[in-house]
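Enquirer: data17.txt is reproduced in full below (compact mmCIF, N, CA and C atoms).
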```txt
# COMPACT_ATOMS: atom_id res chain seq x y z
N MET A 1 -20.45 10.26 -8.58
CA MET A 1 -19.37 9.31 -8.36
C MET A 1 -19.62 8.56 -7.05
N ASN A 2 -19.42 7.26 -7.06
CA ASN A 2 -19.69 6.54 -5.81
C ASN A 2 -18.51 6.66 -4.84
N GLU A 3 -18.77 6.23 -3.61
CA GLU A 3 -17.81 6.43 -2.52
C GLU A 3 -16.45 5.78 -2.79
N ILE A 4 -16.44 4.55 -3.31
CA ILE A 4 -15.16 3.87 -3.54
C ILE A 4 -14.36 4.60 -4.63
N LYS A 5 -15.03 5.06 -5.67
CA LYS A 5 -14.32 5.79 -6.74
C LYS A 5 -13.74 7.10 -6.20
N GLU A 6 -14.49 7.78 -5.35
CA GLU A 6 -14.00 9.02 -4.75
C GLU A 6 -12.79 8.76 -3.87
N ARG A 7 -12.85 7.67 -3.11
CA ARG A 7 -11.74 7.28 -2.23
C ARG A 7 -10.49 6.98 -3.06
N ILE A 8 -10.66 6.23 -4.14
CA ILE A 8 -9.53 5.89 -5.02
C ILE A 8 -8.93 7.16 -5.63
N GLU A 9 -9.79 8.06 -6.11
CA GLU A 9 -9.33 9.33 -6.67
C GLU A 9 -8.50 10.12 -5.65
N GLU A 10 -9.03 10.22 -4.44
CA GLU A 10 -8.35 10.96 -3.36
C GLU A 10 -6.95 10.39 -3.12
N ILE A 11 -6.86 9.07 -3.02
CA ILE A 11 -5.57 8.43 -2.74
C ILE A 11 -4.60 8.63 -3.91
N LEU A 12 -5.05 8.34 -5.12
CA LEU A 12 -4.15 8.41 -6.28
C LEU A 12 -3.67 9.83 -6.56
N LYS A 13 -4.54 10.82 -6.32
CA LYS A 13 -4.19 12.21 -6.60
C LYS A 13 -3.31 12.83 -5.52
N ASN A 14 -3.61 12.54 -4.27
CA ASN A 14 -3.03 13.30 -3.17
C ASN A 14 -2.03 12.56 -2.29
N TYR A 15 -1.97 11.26 -2.37
CA TYR A 15 -1.10 10.49 -1.47
C TYR A 15 0.03 9.89 -2.28
N LYS A 16 1.25 10.39 -2.09
CA LYS A 16 2.36 10.04 -2.98
C LYS A 16 3.45 9.17 -2.35
N VAL A 17 3.41 8.95 -1.03
CA VAL A 17 4.42 8.10 -0.39
C VAL A 17 3.76 6.77 -0.04
N VAL A 18 4.20 5.71 -0.73
CA VAL A 18 3.53 4.42 -0.66
C VAL A 18 4.47 3.35 -0.10
N ALA A 19 4.15 2.85 1.10
CA ALA A 19 4.88 1.71 1.67
C ALA A 19 4.27 0.45 1.08
N ILE A 20 5.09 -0.38 0.45
CA ILE A 20 4.58 -1.59 -0.18
C ILE A 20 5.01 -2.78 0.65
N VAL A 21 4.04 -3.33 1.39
CA VAL A 21 4.30 -4.45 2.29
C VAL A 21 4.23 -5.75 1.49
N GLY A 22 5.35 -6.47 1.50
CA GLY A 22 5.41 -7.72 0.74
C GLY A 22 5.98 -7.50 -0.66
N LEU A 23 6.68 -6.39 -0.87
CA LEU A 23 7.29 -6.13 -2.18
C LEU A 23 8.36 -7.18 -2.47
N SER A 24 8.23 -7.82 -3.61
CA SER A 24 9.15 -8.89 -3.99
C SER A 24 10.34 -8.35 -4.78
N PRO A 25 11.52 -8.91 -4.57
CA PRO A 25 12.67 -8.54 -5.39
C PRO A 25 12.61 -9.19 -6.78
N LYS A 26 11.70 -10.15 -6.98
CA LYS A 26 11.61 -10.88 -8.25
C LYS A 26 10.83 -10.07 -9.29
N LYS A 27 11.44 -9.88 -10.45
CA LYS A 27 10.85 -9.03 -11.50
C LYS A 27 9.46 -9.46 -11.96
N GLU A 28 9.21 -10.77 -11.94
CA GLU A 28 7.94 -11.28 -12.48
C GLU A 28 6.77 -11.17 -11.50
N ARG A 29 7.03 -10.79 -10.27
CA ARG A 29 5.96 -10.74 -9.27
C ARG A 29 5.11 -9.46 -9.42
N PRO A 30 3.79 -9.60 -9.24
CA PRO A 30 2.91 -8.42 -9.35
C PRO A 30 3.32 -7.26 -8.44
N SER A 31 3.78 -7.55 -7.22
CA SER A 31 4.15 -6.46 -6.32
C SER A 31 5.28 -5.61 -6.92
N ARG A 32 6.22 -6.27 -7.55
CA ARG A 32 7.35 -5.57 -8.17
C ARG A 32 6.88 -4.74 -9.36
N GLN A 33 5.99 -5.30 -10.16
CA GLN A 33 5.48 -4.58 -11.33
C GLN A 33 4.68 -3.34 -10.92
N VAL A 34 3.87 -3.49 -9.88
CA VAL A 34 3.10 -2.34 -9.36
C VAL A 34 4.05 -1.27 -8.83
N ALA A 35 5.06 -1.69 -8.06
CA ALA A 35 6.01 -0.73 -7.49
C ALA A 35 6.75 0.04 -8.59
N GLN A 36 7.20 -0.67 -9.62
CA GLN A 36 7.90 -0.01 -10.73
C GLN A 36 6.99 0.99 -11.43
N TYR A 37 5.76 0.59 -11.65
CA TYR A 37 4.78 1.47 -12.30
C TYR A 37 4.59 2.74 -11.46
N LEU A 38 4.39 2.56 -10.16
CA LEU A 38 4.16 3.72 -9.29
C LEU A 38 5.37 4.65 -9.30
N GLN A 39 6.58 4.07 -9.25
CA GLN A 39 7.80 4.88 -9.31
C GLN A 39 7.83 5.73 -10.58
N LYS A 40 7.51 5.11 -11.71
CA LYS A 40 7.54 5.80 -13.00
C LYS A 40 6.51 6.94 -13.05
N HIS A 41 5.49 6.85 -12.22
CA HIS A 41 4.43 7.85 -12.24
C HIS A 41 4.50 8.81 -11.06
N GLY A 42 5.70 8.96 -10.50
CA GLY A 42 5.93 10.02 -9.52
C GLY A 42 5.67 9.70 -8.06
N TYR A 43 5.38 8.45 -7.75
CA TYR A 43 5.18 8.07 -6.35
C TYR A 43 6.53 7.67 -5.73
N LYS A 44 6.67 7.96 -4.46
CA LYS A 44 7.85 7.45 -3.72
C LYS A 44 7.44 6.11 -3.13
N ILE A 45 8.12 5.05 -3.55
CA ILE A 45 7.80 3.75 -2.98
C ILE A 45 8.77 3.45 -1.84
N VAL A 46 8.24 2.77 -0.83
CA VAL A 46 9.02 2.39 0.34
C VAL A 46 8.84 0.88 0.53
N PRO A 47 9.83 0.09 0.12
CA PRO A 47 9.71 -1.36 0.26
C PRO A 47 9.70 -1.80 1.73
N VAL A 48 8.75 -2.69 2.05
CA VAL A 48 8.71 -3.30 3.39
C VAL A 48 8.83 -4.80 3.17
N ARG A 49 10.02 -5.31 3.45
CA ARG A 49 10.31 -6.73 3.24
C ARG A 49 11.47 -7.12 4.13
N PRO A 50 11.20 -7.87 5.20
CA PRO A 50 12.28 -8.30 6.10
C PRO A 50 13.36 -9.06 5.34
N GLY A 51 14.61 -8.81 5.73
CA GLY A 51 15.72 -9.54 5.15
C GLY A 51 16.28 -8.95 3.87
N MET A 52 15.68 -7.89 3.36
CA MET A 52 16.19 -7.24 2.14
C MET A 52 16.75 -5.87 2.50
N ASN A 53 17.81 -5.45 1.81
CA ASN A 53 18.39 -4.12 2.04
C ASN A 53 17.83 -3.07 1.10
N GLU A 54 17.57 -3.50 -0.15
CA GLU A 54 17.15 -2.55 -1.16
C GLU A 54 16.34 -3.27 -2.23
N ILE A 55 15.28 -2.62 -2.71
CA ILE A 55 14.51 -3.10 -3.86
C ILE A 55 14.19 -1.88 -4.72
N LEU A 56 14.42 -2.00 -6.02
CA LEU A 56 14.15 -0.92 -6.98
C LEU A 56 14.85 0.39 -6.60
N GLY A 57 16.06 0.25 -6.04
CA GLY A 57 16.84 1.43 -5.70
C GLY A 57 16.41 2.14 -4.43
N GLU A 58 15.46 1.57 -3.71
CA GLU A 58 14.97 2.19 -2.47
C GLU A 58 15.36 1.35 -1.27
N LYS A 59 15.71 2.01 -0.17
CA LYS A 59 16.04 1.30 1.07
C LYS A 59 14.82 0.49 1.51
N CYS A 60 15.09 -0.73 1.93
CA CYS A 60 14.04 -1.65 2.36
C CYS A 60 13.94 -1.63 3.89
N TYR A 61 12.74 -1.73 4.40
CA TYR A 61 12.51 -1.75 5.85
C TYR A 61 11.89 -3.09 6.24
N GLY A 62 12.19 -3.55 7.44
CA GLY A 62 11.67 -4.82 7.92
C GLY A 62 10.22 -4.75 8.36
N SER A 63 9.77 -3.53 8.72
CA SER A 63 8.38 -3.34 9.15
C SER A 63 8.01 -1.88 8.94
N LEU A 64 6.72 -1.60 8.99
CA LEU A 64 6.25 -0.22 8.86
C LEU A 64 6.82 0.68 9.96
N SER A 65 6.93 0.13 11.17
CA SER A 65 7.40 0.91 12.32
C SER A 65 8.85 1.37 12.18
N GLU A 66 9.62 0.72 11.32
CA GLU A 66 11.03 1.10 11.12
C GLU A 66 11.19 2.29 10.18
N ILE A 67 10.15 2.65 9.46
CA ILE A 67 10.24 3.74 8.48
C ILE A 67 10.28 5.08 9.23
N PRO A 68 11.35 5.88 9.00
CA PRO A 68 11.54 7.10 9.82
C PRO A 68 10.85 8.36 9.27
N PHE A 69 9.90 8.22 8.36
CA PHE A 69 9.20 9.38 7.80
C PHE A 69 7.74 9.00 7.57
N PRO A 70 6.86 9.99 7.38
CA PRO A 70 5.42 9.71 7.24
C PRO A 70 5.08 8.93 5.96
N ILE A 71 4.11 8.06 6.09
CA ILE A 71 3.62 7.23 4.99
C ILE A 71 2.18 7.64 4.68
N ASP A 72 1.89 7.81 3.39
CA ASP A 72 0.53 8.13 2.98
C ASP A 72 -0.32 6.87 2.79
N VAL A 73 0.23 5.91 2.03
CA VAL A 73 -0.51 4.70 1.68
C VAL A 73 0.29 3.47 2.10
N VAL A 74 -0.38 2.53 2.75
CA VAL A 74 0.21 1.22 3.00
C VAL A 74 -0.45 0.27 2.00
N ASP A 75 0.32 -0.13 1.00
CA ASP A 75 -0.16 -1.00 -0.07
C ASP A 75 0.25 -2.43 0.29
N ILE A 76 -0.74 -3.29 0.47
CA ILE A 76 -0.49 -4.62 1.06
C ILE A 76 -0.57 -5.73 0.02
N PHE A 77 0.53 -6.46 -0.10
CA PHE A 77 0.63 -7.66 -0.94
C PHE A 77 0.88 -8.85 -0.02
N ARG A 78 -0.09 -9.17 0.79
CA ARG A 78 0.02 -10.32 1.70
C ARG A 78 -1.33 -11.02 1.70
N LYS A 79 -1.35 -12.26 2.18
CA LYS A 79 -2.62 -13.00 2.24
C LYS A 79 -3.61 -12.28 3.14
N SER A 80 -4.89 -12.45 2.82
CA SER A 80 -5.96 -11.77 3.58
C SER A 80 -5.84 -12.00 5.08
N GLU A 81 -5.49 -13.23 5.48
CA GLU A 81 -5.42 -13.53 6.92
C GLU A 81 -4.21 -12.88 7.60
N ALA A 82 -3.27 -12.34 6.83
CA ALA A 82 -2.09 -11.68 7.41
C ALA A 82 -2.26 -10.16 7.51
N VAL A 83 -3.42 -9.65 7.11
CA VAL A 83 -3.62 -8.21 6.98
C VAL A 83 -3.81 -7.49 8.33
N LEU A 84 -4.49 -8.09 9.28
CA LEU A 84 -4.84 -7.38 10.51
C LEU A 84 -3.63 -6.79 11.25
N PRO A 85 -2.56 -7.54 11.50
CA PRO A 85 -1.41 -6.92 12.18
C PRO A 85 -0.77 -5.79 11.37
N ILE A 86 -0.83 -5.88 10.06
CA ILE A 86 -0.28 -4.82 9.20
C ILE A 86 -1.13 -3.56 9.35
N ILE A 87 -2.44 -3.75 9.38
CA ILE A 87 -3.36 -2.61 9.57
C ILE A 87 -3.14 -1.98 10.95
N ASP A 88 -2.96 -2.82 11.96
CA ASP A 88 -2.67 -2.28 13.30
C ASP A 88 -1.43 -1.40 13.27
N GLU A 89 -0.41 -1.86 12.56
CA GLU A 89 0.83 -1.10 12.46
C GLU A 89 0.63 0.17 11.63
N ALA A 90 -0.17 0.09 10.56
CA ALA A 90 -0.46 1.26 9.73
C ALA A 90 -1.15 2.34 10.57
N ILE A 91 -2.07 1.93 11.43
CA ILE A 91 -2.77 2.86 12.32
C ILE A 91 -1.75 3.49 13.28
N LYS A 92 -0.89 2.64 13.85
CA LYS A 92 0.10 3.09 14.84
C LYS A 92 1.06 4.14 14.25
N ILE A 93 1.47 3.97 12.99
CA ILE A 93 2.43 4.92 12.40
C ILE A 93 1.75 6.15 11.81
N GLY A 94 0.42 6.17 11.83
CA GLY A 94 -0.31 7.35 11.34
C GLY A 94 -0.45 7.41 9.82
N ALA A 95 -0.46 6.26 9.16
CA ALA A 95 -0.68 6.25 7.71
C ALA A 95 -2.05 6.85 7.42
N LYS A 96 -2.21 7.39 6.21
CA LYS A 96 -3.47 8.01 5.83
C LYS A 96 -4.44 7.01 5.20
N SER A 97 -3.89 5.94 4.62
CA SER A 97 -4.76 4.98 3.95
C SER A 97 -4.10 3.61 3.87
N VAL A 98 -4.94 2.60 3.66
CA VAL A 98 -4.44 1.25 3.37
C VAL A 98 -5.10 0.77 2.09
N TRP A 99 -4.30 0.08 1.29
CA TRP A 99 -4.77 -0.41 0.00
C TRP A 99 -4.47 -1.90 -0.05
N LEU A 100 -5.51 -2.72 -0.10
CA LEU A 100 -5.34 -4.17 -0.19
C LEU A 100 -5.45 -4.54 -1.67
N GLN A 101 -4.42 -5.16 -2.19
CA GLN A 101 -4.35 -5.46 -3.62
C GLN A 101 -5.41 -6.48 -4.04
N LEU A 102 -5.46 -6.73 -5.35
CA LEU A 102 -6.44 -7.66 -5.93
C LEU A 102 -6.44 -8.99 -5.20
N GLY A 103 -7.62 -9.48 -4.88
CA GLY A 103 -7.77 -10.77 -4.21
C GLY A 103 -7.60 -10.71 -2.70
N ILE A 104 -7.29 -9.53 -2.16
CA ILE A 104 -7.06 -9.41 -0.72
C ILE A 104 -8.22 -8.64 -0.09
N LYS A 105 -8.88 -9.32 0.85
CA LYS A 105 -9.99 -8.71 1.60
C LYS A 105 -9.91 -9.20 3.04
N ASN A 106 -10.22 -8.33 3.96
CA ASN A 106 -10.31 -8.70 5.36
C ASN A 106 -11.26 -7.70 6.03
N PRO A 107 -12.58 -8.01 6.00
CA PRO A 107 -13.58 -7.05 6.50
C PRO A 107 -13.30 -6.55 7.92
N GLU A 108 -12.84 -7.42 8.80
CA GLU A 108 -12.56 -7.01 10.18
C GLU A 108 -11.44 -5.96 10.21
N ALA A 109 -10.36 -6.24 9.49
CA ALA A 109 -9.22 -5.32 9.46
C ALA A 109 -9.59 -4.01 8.75
N GLU A 110 -10.37 -4.12 7.67
CA GLU A 110 -10.79 -2.93 6.93
C GLU A 110 -11.64 -2.02 7.82
N LYS A 111 -12.56 -2.63 8.56
CA LYS A 111 -13.43 -1.86 9.46
C LYS A 111 -12.60 -1.15 10.53
N LYS A 112 -11.60 -1.86 11.05
CA LYS A 112 -10.73 -1.28 12.08
C LYS A 112 -9.98 -0.07 11.51
N ALA A 113 -9.47 -0.19 10.29
CA ALA A 113 -8.75 0.92 9.66
C ALA A 113 -9.68 2.12 9.43
N GLU A 114 -10.88 1.84 8.93
CA GLU A 114 -11.85 2.92 8.70
C GLU A 114 -12.23 3.61 10.00
N SER A 115 -12.41 2.83 11.05
CA SER A 115 -12.76 3.39 12.36
C SER A 115 -11.65 4.30 12.89
N ALA A 116 -10.42 4.00 12.49
CA ALA A 116 -9.27 4.81 12.92
C ALA A 116 -9.06 6.02 12.00
N GLY A 117 -9.93 6.18 11.01
CA GLY A 117 -9.86 7.35 10.13
C GLY A 117 -9.05 7.17 8.86
N LEU A 118 -8.63 5.95 8.55
CA LEU A 118 -7.87 5.71 7.33
C LEU A 118 -8.82 5.47 6.16
N LEU A 119 -8.42 5.93 4.98
CA LEU A 119 -9.15 5.58 3.76
C LEU A 119 -8.77 4.14 3.42
N VAL A 120 -9.75 3.34 3.04
CA VAL A 120 -9.49 1.92 2.77
C VAL A 120 -9.99 1.54 1.38
N VAL A 121 -9.11 0.85 0.64
CA VAL A 121 -9.48 0.26 -0.64
C VAL A 121 -9.06 -1.20 -0.56
N SER A 122 -9.97 -2.10 -0.97
CA SER A 122 -9.59 -3.52 -0.94
C SER A 122 -9.95 -4.20 -2.26
N ASN A 123 -9.25 -5.29 -2.52
CA ASN A 123 -9.49 -6.11 -3.70
C ASN A 123 -9.38 -5.32 -5.01
N ARG A 124 -8.43 -4.38 -5.04
CA ARG A 124 -8.18 -3.60 -6.25
C ARG A 124 -6.68 -3.38 -6.40
N CYS A 125 -6.25 -3.14 -7.62
CA CYS A 125 -4.83 -2.92 -7.90
C CYS A 125 -4.56 -1.44 -8.11
N MET A 126 -3.60 -0.89 -7.40
CA MET A 126 -3.25 0.51 -7.53
C MET A 126 -2.79 0.85 -8.95
N LYS A 127 -2.03 -0.04 -9.55
CA LYS A 127 -1.54 0.18 -10.91
C LYS A 127 -2.72 0.24 -11.90
N ILE A 128 -3.62 -0.71 -11.81
CA ILE A 128 -4.77 -0.76 -12.71
C ILE A 128 -5.65 0.49 -12.52
N GLU A 129 -5.93 0.83 -11.27
CA GLU A 129 -6.78 1.99 -10.99
C GLU A 129 -6.13 3.27 -11.49
N HIS A 130 -4.82 3.40 -11.32
CA HIS A 130 -4.11 4.58 -11.79
C HIS A 130 -4.13 4.65 -13.32
N SER A 131 -3.86 3.51 -13.97
CA SER A 131 -3.78 3.50 -15.44
C SER A 131 -5.12 3.77 -16.10
N LYS A 132 -6.23 3.50 -15.41
CA LYS A 132 -7.57 3.81 -15.93
C LYS A 132 -7.81 5.32 -15.96
N ARG A 133 -7.13 6.03 -15.08
CA ARG A 133 -7.43 7.44 -14.88
C ARG A 133 -6.41 8.40 -15.49
N TYR A 134 -5.15 7.97 -15.57
CA TYR A 134 -4.09 8.93 -15.95
C TYR A 134 -3.29 8.44 -17.14
```
For this file, write the structure as structure tokens.

Expert:
Amino acid sequence: MNEIKERIEEILKNYKVVAIVGLSPKKERPSRQVAQYLQKHGYKIVPVRPGMNEILGEKCYGSLSEIPFPIDVVDIFRKSEAVLPIIDEAIKIGAKSVWLQLGIKNPEAEKKAESAGLLVVSNRCMKIEHSKRY
């Protein structure tokens, strides 16, 4: 098994608390569909979206730093150029991994996360990867 597949397996199997940065309240948005899927499959989702109180029945936080409990995965639905400050915050809160959704890549930010000991997956969808395996 190659390194990226092993990393994905590790995250999907063992990391169950997922902060979703950029989670949309709109039903048709991919972030919302991924969050609903993860909820149905036993993950605790933590919406991170400034200005919202609740999404999918979960309390919403304005930033990662506001979350008062440990986060396993920071799942990012933001433009590639907006990723670095989110990764900095993920490192600061002690997240175990960062997952950049389909179409999102930021080699500088990814390298920084890896250097800080986080597992990193980029340009892949958590829902798709999970559905291939389980």

Enquirer: Set up a box along x, y and z of the file covering all listed atoms of region 63-72 of chain A, add 4 Å on every one of the six sides, and write the centre and edge lengths in Å to one decimal, as AutoDock Vina command-line options.

Expert:
```
--center_x 5.6 --center_y 3.2 --center_z 7.6 --size_x 19.9 --size_y 21.5 --size_z 17.5
```

Enquirer: Mind checking DSSP for chain A and telling me the strand (DSSP E) residues as a ChimeraX atom specification?

Expert: /A:17-21,44-48,54-55,58-59,73-76,97-100,119-121

Enquirer: What's around Cys60 (chain A) at 6.5 Å? Count all atoms listed in the file, leave out sequence neighbours fewer than 4 positions away in its own chain, and write the answer as a ChimeraX atom specification.

Expert: /A:46-49,52-55

Enquirer: Between atom C of Asp88 (chain A) and CA of Gly103 (chain A), what is the spacing in Å?

Expert: 20.8 Å

Enquirer: Got a sec: who's within 12 Å of Glu6 (chain A), counting only C-alpha atoms, leaving out chain neighbours fewer than 5 positions off, as a PyMOL selection string?

Expert: chain A and resi 1+11-14+119-121+129

Enquirer: Select, from A:Gln33, A:Cys125, A:Gly117, A:Lys16, the residue with the minimum atom-to-atom distance to Asp72 (chain A), counting only N, CA and C atoms.

Expert: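 Closest to Asp72 (chain A), using only N, CA and C atoms: A:Lys16.
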
Enquirer: Nearest to Arg124 (chain A): which of A:Ala82, A:Ile76, A:Val21, A:Ala90 is it, counting only C-alpha atoms?

Expert: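 Among the listed residues, the smallest separation from Arg124 (chain A) belongs to A:Ile76.
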
Enquirer: Do you have the atom N of His41 (chain A)-atom N of Lys127 (chain A) distance handy?

Expert: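 Distance between the two atoms: 10.5 Å.
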
Enquirer: What residues in region 1-128 of chain A get the DSSP label helix (DSSP H, G or I)? Please answer as a ChimeraX atom specification.

Expert: /A:3-14,30-40,64-66,80-93,107-115,126-128

Enquirer: Counting only C-alpha atoms, I want the residues whose atoms come within 12 Å of (-2.3, 1.5, -9.9) in the file frame, returned as a VMD selection string.

Expert: chain A and resid 8 to 9 11 to 13 16 18 30 to 31 33 to 43 75 99 to 102 121 124 to 134

Enquirer: What is the atom C of Glu81 (chain A)-atom C of Asn106 (chain A) distance in Å, reported with one decimal?

Expert: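 Taking atom C of Glu81 (chain A) as the start and atom C of Asn106 (chain A) as the end point, the length is 8.9 Å.
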
Enquirer: Just checking: using all atoms listed in the file, which residue out of A:Glu66, A:Arg78, A:Lys44, A:Ile4 ends up closest to Leu23 (chain A)?

Expert: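 Closest to Leu23 (chain A) of all the choices is A:Arg78.
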